[in-house]
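Here's the structure we're looking at; comments come further down.
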Protein chains: 2
Amino acid sequence: MTMTDTNRQWRLKRFVQPDEILGEEHYELSESPMPTIDDEQILVKTLLLGTSPAQRMYVTEERTFHIAVEIGEVMSGRGVGVVMESKHPDFEAGEIIQATLGWQDYVALTPDDKSDTGKNVRTVQKVPNPVRPLTTIMGLFGQLAFSAYVGIIEVGQVKEGDVVLVSSAAGGVGSVACQLARIQGASKVVGIAGGQEKCDWLVEQGLCDSAIDYKKPGQDLAAAIGEHCPDGADVYLDNVGGAMLDAALQNIAVGARVVICGMISTEYMNPRPDGPKHYFNLLYKRSRMEGFFVFDYVPRWPEFEEQLREWYSQGKLKLVDDVFDGLPSAPRALGSLFTGGHTGGCVIRVADDPENIPAI
Amino acid sequence: MTMTDTNRQWRLKRFVQPDEILGEEHYELSESPMPTIDDEQILVKTLLLGTSPAQRMYVTEERTFHIAVEIGEVMSGRGVGVVMESKHPDFEAGEIIQATLGWQDYVALTPDDKSDTGKNVRTVQKVPNPVRPLTTIMGLFGQLAFSAYVGIIEVGQVKEGDVVLVSSAAGGVGSVACQLARIQGASKVVGIAGGQEKCDWLVEQGLCDSAIDYKKPGQDLAAAIGEHCPDGADVYLDNVGGAMLDAALQNIAVGARVVICGMISTEYMNPRPDGPKHYFNLLYKRSRMEGFFVFDYVPRWPEFEEQLREWYSQGKLKLVDDVFDGLPSAPRALGSLFTGGHTGGCVIRVADDPENIPAI
């Protein structure tokens, strides 16, 4: 392991406006001296950074989200790092950890300090016996996969024989959700993605039985879903909201669970668009629509991880991700979540795995 | 008991149009000879008829509801009757029963024939040891109260300390729902009703702790709900849909249950109005919105009835209804559900209780 003297950091330059796509123009890449650590602290080198649509809410002017990044502050984000130096009794150099590292090469963390957020997201979690490549931590054993787990298993309650419809199926949450649906015994997994290429990829990869290109010109999305799910969907995992949610609501089976994991299509619209017109099917089909925050399940993350590792080791789950290389690519990687420019979980590789095992 | 020779019947004259209020003009009051009965049949005299917003869907042209009345047919509706004559081994004259009697003085029923609907709603149910007045059967021990039971207890899962918001609180379902919420330990029951008079009535009757007049000129309903439920509502029982649902969604607590029991405000609009814009709070507040049909719970109706009778005998539940007198008032009674012209369950008294105990 080598250490440089400087710490590159992506700092927030200006808030993202309601009608804007998130991009490099909102950040500034600056250099600071290497952080030093006090007692009870650890110095961590960032290896990987994850991306999540929720990060857009960190940098809006409204400040309604529970995590907020101020102008001039380092962009917040969870990642995987290696401990370089430890003045905390429970940590030692060389250990792999997960934490909210921020978009920077190095960070001084205080593992016992949980004061800064009510959501505990700064918790430093050790990753004992990490599976290689380390990108599995982001793609299969981290927040994205836990979101898929909660959405499909806890809230969606997918059971044997269910028809499961997943939006953003090629995304970080969706690609795991499709696999979990199959593990739970779904009779059919139908994905929705943007572009025929992604749809073909979903079926080739074995993530979905069939896939719908929502960008196909002239297509009536509700009718297309109806063709793929002639008896309706028992579970719909919604990452999109808006018109896609409305199209799905036209095709739910009796007793369906519509799980709201995100609403990326409308999250940055102001004023908010109209609600889903076909919500009345919740009555006609005696169905439920329910939202969740994966951070509410933090105490259960270890349980989820154990189960996901077991399925991975059994070959039932595979890693599907899109790796952006280098810290400078961070804003572009996050922005790609909103423009659809990736397949699988979107990960930023900031530095090589210290064990020198190729990260992919 | 006396029997007349003729059987008055309200028959459907024309379908109700999407933009119409339901009224007498859709029906024709005709006279037929008294029905006669065959083996396995019973002759029933109608004493009371209930009303339900769902009955509007029986007489729309779309025919999407599972119960449909054709032009010239007797209007369908559940009620309470007395057996006049029986050729069925399990029934005898004088017994009180509940069944889908239709809007008529007399009907020949075949208790074992369940072929005509998938929903079993024609089931003839005996009412052993009926509580007097018999209107309790409609108001507290029938479909309306069972809807309130499912909404508050089964789907809403109201628990100790919950703040419960009920729309159409002065209606047949709402007035029972408010009482059930209190029995379940709600810390506050807030009703929504049309007009200050109804609101005062709700509080005076002890059904609600406070009430909101949604018709108050110049009022921002969402803000008004926020004043009555400053920490948000844990459960919202929605009988209305549309703008009222949207106002409630702006005021839900974390983990809220939004129970869709009906959507009377939008049910007859074509095209459908926009969906609830603030549905995104289901994500932000990790809440659920769920619809139900009370007929899905038919096997559990006896259990519900037993519990409701117990609470009634303990004085925890009281009968609140609005009785329309005489079969000719039936269309007007049903129409009043959509114009707000009643408080409590709306019942049509077709004939006096044969035991001559006053029905109120």
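FYI, nothing fancy with the structure tokens labels: chains A, B, ... in order, residues from 1 per chain, ligands from 1 as they appear.
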
In stretch 213-346 of chain A, DSSP helix (DSSP H, G or I) residues written as an MDAnalysis selection string: chainID A and resid 221:228 242:249 277:284 294:313 327:339

Would you pick out the contacts of stretch 213-230 of chain A at 9 Å or less, using only C-alpha atoms, so that residues sharing its chain but fewer than 3 positions from it are not included, and give the list as a ChimeraX atom specification? /A:163-165,188,190-199,210,233,243-244,246-252

Output N, CA, C and O atoms of each residue in that selection to a file, as a short mmCIF file (atom, residue, chain, number, x, y, z; two decimals), in the first residue's frame.
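As a result, again-v1.cif now contains:
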```
data_model
loop_
_atom_site.label_atom_id
_atom_site.label_comp_id
_atom_site.auth_asym_id
_atom_site.auth_seq_id
_atom_site.Cartn_x
_atom_site.Cartn_y
_atom_site.Cartn_z
N VAL A 163 -46.07 -13.82 -9.90
CA VAL A 163 -45.54 -13.10 -11.05
C VAL A 163 -44.99 -11.78 -10.50
O VAL A 163 -45.70 -11.02 -9.84
N VAL A 164 -43.71 -11.54 -10.75
CA VAL A 164 -43.04 -10.37 -10.18
C VAL A 164 -42.57 -9.44 -11.28
O VAL A 164 -41.89 -9.87 -12.22
N LEU A 165 -42.96 -8.18 -11.17
CA LEU A 165 -42.59 -7.16 -12.14
C LEU A 165 -41.62 -6.20 -11.45
O LEU A 165 -41.89 -5.75 -10.33
N LYS A 188 -42.64 -16.21 -12.62
CA LYS A 188 -42.19 -15.41 -13.75
C LYS A 188 -41.64 -14.08 -13.23
O LYS A 188 -42.28 -13.46 -12.37
N VAL A 190 -40.56 -10.43 -14.64
CA VAL A 190 -40.59 -9.53 -15.79
C VAL A 190 -39.89 -8.23 -15.42
O VAL A 190 -40.23 -7.61 -14.41
N GLY A 191 -38.91 -7.85 -16.22
CA GLY A 191 -38.18 -6.61 -15.95
C GLY A 191 -38.62 -5.49 -16.87
O GLY A 191 -39.08 -5.74 -17.99
N ILE A 192 -38.50 -4.26 -16.38
CA ILE A 192 -38.71 -3.09 -17.23
C ILE A 192 -37.38 -2.34 -17.27
O ILE A 192 -36.77 -2.12 -16.22
N ALA A 193 -36.91 -2.00 -18.46
CA ALA A 193 -35.64 -1.28 -18.58
C ALA A 193 -35.71 -0.39 -19.81
O ALA A 193 -36.61 -0.51 -20.64
N GLY A 194 -34.75 0.53 -19.90
CA GLY A 194 -34.74 1.48 -21.01
C GLY A 194 -33.84 1.02 -22.14
O GLY A 194 -32.61 1.02 -22.00
N GLY A 195 -34.42 0.63 -23.24
CA GLY A 195 -33.64 0.22 -24.40
C GLY A 195 -33.65 -1.28 -24.61
O GLY A 195 -33.62 -2.05 -23.66
N GLN A 196 -33.71 -1.68 -25.89
CA GLN A 196 -33.78 -3.10 -26.22
C GLN A 196 -32.51 -3.82 -25.77
O GLN A 196 -32.55 -4.98 -25.36
N GLU A 197 -31.38 -3.11 -25.83
CA GLU A 197 -30.09 -3.72 -25.46
C GLU A 197 -30.12 -4.19 -24.01
O GLU A 197 -29.75 -5.33 -23.70
N LYS A 198 -30.59 -3.32 -23.13
CA LYS A 198 -30.68 -3.68 -21.72
C LYS A 198 -31.66 -4.83 -21.52
O LYS A 198 -31.45 -5.71 -20.69
N CYS A 199 -32.75 -4.79 -22.27
CA CYS A 199 -33.77 -5.85 -22.14
C CYS A 199 -33.18 -7.21 -22.55
O CYS A 199 -33.38 -8.21 -21.86
N SER A 210 -38.62 -12.32 -19.06
CA SER A 210 -38.85 -11.45 -20.21
C SER A 210 -38.68 -10.02 -19.74
O SER A 210 -38.68 -9.74 -18.54
N ALA A 233 -49.66 -8.76 -12.19
CA ALA A 233 -48.46 -8.95 -11.38
C ALA A 233 -48.86 -9.07 -9.91
O ALA A 233 -49.68 -8.30 -9.42
N ALA A 243 -45.45 7.78 -14.49
CA ALA A 243 -46.26 7.08 -15.49
C ALA A 243 -46.02 5.57 -15.45
O ALA A 243 -46.92 4.79 -15.75
N MET A 244 -44.81 5.17 -15.05
CA MET A 244 -44.53 3.73 -15.03
C MET A 244 -45.31 3.04 -13.91
O MET A 244 -45.88 1.97 -14.10
N ASP A 246 -48.11 4.08 -12.78
CA ASP A 246 -49.50 4.08 -13.21
C ASP A 246 -49.77 2.93 -14.19
O ASP A 246 -50.81 2.27 -14.11
N ALA A 247 -48.82 2.69 -15.07
CA ALA A 247 -48.98 1.58 -16.03
C ALA A 247 -49.00 0.24 -15.30
O ALA A 247 -49.76 -0.66 -15.63
N ALA A 248 -48.16 0.13 -14.29
CA ALA A 248 -48.11 -1.12 -13.52
C ALA A 248 -49.41 -1.33 -12.74
O ALA A 248 -49.95 -2.44 -12.68
N LEU A 249 -49.94 -0.23 -12.17
CA LEU A 249 -51.17 -0.33 -11.37
C LEU A 249 -52.35 -0.81 -12.22
O LEU A 249 -53.33 -1.33 -11.68
N GLN A 250 -52.25 -0.64 -13.53
CA GLN A 250 -53.32 -1.13 -14.41
C GLN A 250 -53.23 -2.63 -14.60
O GLN A 250 -54.11 -3.23 -15.22
N ASN A 251 -52.16 -3.23 -14.09
CA ASN A 251 -51.91 -4.65 -14.35
C ASN A 251 -51.60 -5.43 -13.08
O ASN A 251 -50.79 -6.35 -13.11
N ILE A 252 -52.22 -5.05 -11.98
CA ILE A 252 -51.96 -5.80 -10.76
C ILE A 252 -53.00 -6.89 -10.58
O ILE A 252 -54.16 -6.75 -10.97
#
```

Work out how far atom CA of B:Leu237 is from atom CA of B:Phe324, in Å to one decimal.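 Atom CA of B:Phe324 sits 26.2 Å away from atom CA of B:Leu237.
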
Once you count only C-alpha atoms, which residues of chain A turn out to be within 8 Å of chain B? Could you give them as a PDB file with N, CA and C atoms, in the first residue's frame?
```
ATOM      1  N   ILE A 260     -42.862   0.438  -3.040  1.00  0.00           N
ATOM      2  CA  ILE A 260     -42.227   1.668  -3.500  1.00  0.00           C
ATOM      3  C   ILE A 260     -40.849   1.766  -2.872  1.00  0.00           C
ATOM      4  N   CYS A 261     -39.871   1.544  -3.728  1.00  0.00           N
ATOM      5  CA  CYS A 261     -38.478   1.532  -3.300  1.00  0.00           C
ATOM      6  C   CYS A 261     -37.850   2.879  -3.638  1.00  0.00           C
ATOM      7  N   GLY A 262     -38.342   3.508  -4.673  1.00  0.00           N
ATOM      8  CA  GLY A 262     -37.840   4.806  -5.105  1.00  0.00           C
ATOM      9  C   GLY A 262     -38.798   5.395  -6.116  1.00  0.00           C
ATOM     10  N   MET A 263     -38.551   6.659  -6.483  1.00  0.00           N
ATOM     11  CA  MET A 263     -39.402   7.264  -7.509  1.00  0.00           C
ATOM     12  C   MET A 263     -38.523   8.203  -8.315  1.00  0.00           C
ATOM     13  N   ARG A 272     -44.517  18.727  -8.097  1.00  0.00           N
ATOM     14  CA  ARG A 272     -44.682  17.291  -8.254  1.00  0.00           C
ATOM     15  C   ARG A 272     -45.708  16.974  -9.331  1.00  0.00           C
ATOM     16  N   PRO A 273     -45.481  15.936 -10.088  1.00  0.00           N
ATOM     17  CA  PRO A 273     -46.478  15.561 -11.095  1.00  0.00           C
ATOM     18  C   PRO A 273     -47.704  14.941 -10.413  1.00  0.00           C
ATOM     19  N   ASP A 274     -48.724  14.685 -11.215  1.00  0.00           N
ATOM     20  CA  ASP A 274     -49.929  14.068 -10.663  1.00  0.00           C
ATOM     21  C   ASP A 274     -49.619  12.680 -10.113  1.00  0.00           C
ATOM     22  N   GLY A 275     -50.453  12.267  -9.197  1.00  0.00           N
ATOM     23  CA  GLY A 275     -50.289  10.932  -8.625  1.00  0.00           C
ATOM     24  C   GLY A 275     -50.774   9.873  -9.594  1.00  0.00           C
ATOM     25  N   PRO A 276     -50.579   8.633  -9.246  1.00  0.00           N
ATOM     26  CA  PRO A 276     -50.977   7.545 -10.145  1.00  0.00           C
ATOM     27  C   PRO A 276     -52.502   7.414 -10.217  1.00  0.00           C
ATOM     28  N   LYS A 277     -53.021   7.693 -11.407  1.00  0.00           N
ATOM     29  CA  LYS A 277     -54.466   7.698 -11.631  1.00  0.00           C
ATOM     30  C   LYS A 277     -55.099   6.361 -11.270  1.00  0.00           C
ATOM     31  N   HIS A 278     -54.387   5.294 -11.550  1.00  0.00           N
ATOM     32  CA  HIS A 278     -54.975   3.963 -11.347  1.00  0.00           C
ATOM     33  C   HIS A 278     -54.774   3.430  -9.942  1.00  0.00           C
ATOM     34  N   TYR A 279     -54.517   4.341  -9.004  1.00  0.00           N
ATOM     35  CA  TYR A 279     -54.382   3.892  -7.612  1.00  0.00           C
ATOM     36  C   TYR A 279     -55.672   3.209  -7.172  1.00  0.00           C
ATOM     37  N   PHE A 280     -56.796   3.515  -7.831  1.00  0.00           N
ATOM     38  CA  PHE A 280     -58.077   2.921  -7.410  1.00  0.00           C
ATOM     39  C   PHE A 280     -58.070   1.400  -7.559  1.00  0.00           C
ATOM     40  N   LEU A 282     -56.019  -0.367  -6.219  1.00  0.00           N
ATOM     41  CA  LEU A 282     -55.693  -0.877  -4.887  1.00  0.00           C
ATOM     42  C   LEU A 282     -56.970  -1.325  -4.186  1.00  0.00           C
ATOM     43  N   LEU A 283     -58.069  -0.637  -4.493  1.00  0.00           N
ATOM     44  CA  LEU A 283     -59.358  -1.059  -3.937  1.00  0.00           C
ATOM     45  C   LEU A 283     -59.915  -2.229  -4.743  1.00  0.00           C
ATOM     46  N   TYR A 284     -60.001  -2.035  -6.063  1.00  0.00           N
ATOM     47  CA  TYR A 284     -60.652  -3.062  -6.875  1.00  0.00           C
ATOM     48  C   TYR A 284     -59.921  -4.398  -6.785  1.00  0.00           C
ATOM     49  N   LYS A 285     -58.597  -4.342  -6.638  1.00  0.00           N
ATOM     50  CA  LYS A 285     -57.808  -5.573  -6.578  1.00  0.00           C
ATOM     51  C   LYS A 285     -57.391  -5.899  -5.142  1.00  0.00           C
ATOM     52  N   ARG A 286     -57.966  -5.197  -4.180  1.00  0.00           N
ATOM     53  CA  ARG A 286     -57.645  -5.458  -2.763  1.00  0.00           C
ATOM     54  C   ARG A 286     -56.141  -5.637  -2.584  1.00  0.00           C
ATOM     55  N   SER A 287     -55.417  -4.602  -2.986  1.00  0.00           N
ATOM     56  CA  SER A 287     -53.972  -4.669  -3.021  1.00  0.00           C
ATOM     57  C   SER A 287     -53.384  -3.594  -2.137  1.00  0.00           C
ATOM     58  N   ARG A 288     -52.092  -3.695  -1.940  1.00  0.00           N
ATOM     59  CA  ARG A 288     -51.442  -2.678  -1.118  1.00  0.00           C
ATOM     60  C   ARG A 288     -50.260  -2.048  -1.842  1.00  0.00           C
ATOM     61  N   MET A 289     -50.015  -0.789  -1.502  1.00  0.00           N
ATOM     62  CA  MET A 289     -48.856  -0.071  -2.028  1.00  0.00           C
ATOM     63  C   MET A 289     -48.121   0.416  -0.794  1.00  0.00           C
ATOM     64  N   GLU A 290     -46.850   0.109  -0.700  1.00  0.00           N
ATOM     65  CA  GLU A 290     -46.126   0.393   0.535  1.00  0.00           C
ATOM     66  C   GLU A 290     -44.698   0.820   0.241  1.00  0.00           C
ATOM     67  N   GLY A 291     -44.263   1.855   0.932  1.00  0.00           N
ATOM     68  CA  GLY A 291     -42.903   2.332   0.773  1.00  0.00           C
ATOM     69  C   GLY A 291     -42.026   1.903   1.935  1.00  0.00           C
ATOM     70  N   PHE A 292     -40.718   1.897   1.718  1.00  0.00           N
ATOM     71  CA  PHE A 292     -39.797   1.553   2.808  1.00  0.00           C
ATOM     72  C   PHE A 292     -38.481   2.308   2.655  1.00  0.00           C
ATOM     73  N   PHE A 293     -37.771   2.457   3.754  1.00  0.00           N
ATOM     74  CA  PHE A 293     -36.401   2.996   3.773  1.00  0.00           C
ATOM     75  C   PHE A 293     -35.505   1.865   4.236  1.00  0.00           C
TER      76      PHE A 293
END
```

What's the 10 Å shell around A:Asp112, counting only C-alpha atoms, without same-chain residues fewer than 4 positions away, as number ranges by chain? A: 40-41, 88, 122-124

Among stretch 218-327 of chain A, which ones does DSSP assign to strand (DSSP E or B) (computed from the backbone)? Answer as a list in words.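 Answer for stretch 218-327 of chain A, restricted to strand (DSSP E or B): Ala233, Asp234, Val235, Tyr236, Leu237, Asp238, Ile252, Ala253, Val254, Gly255, Ala256, Arg257, Val258, Val259, Ile260, Gly275, Arg288, Met289, Glu290, Gly291, Asp321, Asp322, Val323, Phe324 and Asp325 of chain A.
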
Which value, in Å to one decimal, gives the distance between atom CA of A:Val166 and atom CA of B:Tyr236? 28.4 Å

Excluding B:Ile21 and residues on its chain fewer than 2 positions from it, collect all residues at most 9 Å away from it, counting only C-alpha atoms, and give them as number ranges by chain. B: 16-19, 23, 268, 335, 338-339

For the selection just defined, write its residues with C-alpha atoms to a file, as a PDB file, in the first residue's frame.
```pdb
ATOM      1  CA  VAL B  16     -76.684   5.729 -14.120  1.00  0.00           C
ATOM      2  CA  GLN B  17     -74.272   7.784 -16.206  1.00  0.00           C
ATOM      3  CA  PRO B  18     -70.745   8.626 -15.030  1.00  0.00           C
ATOM      4  CA  ASP B  19     -71.577  12.256 -14.265  1.00  0.00           C
ATOM      5  CA  GLY B  23     -81.941   9.047  -8.024  1.00  0.00           C
ATOM      6  CA  TYR B 268     -68.669   7.996 -10.813  1.00  0.00           C
ATOM      7  CA  GLY B 335     -78.866   8.723  -3.383  1.00  0.00           C
ATOM      8  CA  PHE B 338     -73.681  10.491  -2.491  1.00  0.00           C
ATOM      9  CA  THR B 339     -75.074  13.863  -1.476  1.00  0.00           C
TER      10      THR B 339
END
```

12 Å contact set for stretch 302-304 of chain B, only C-alpha atoms, chain neighbours under 2 positions out, as a PyMOL selection string: chain B and resi 125-128+140-150+153-154+180+294+297-300+306-311

What is the distance, in Å and to one decimal place, between atom CA of A:Arg14 and atom CA of A:Glu28?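 Computed distance, atom CA of A:Arg14 to atom CA of A:Glu28, equals 9.4 Å.
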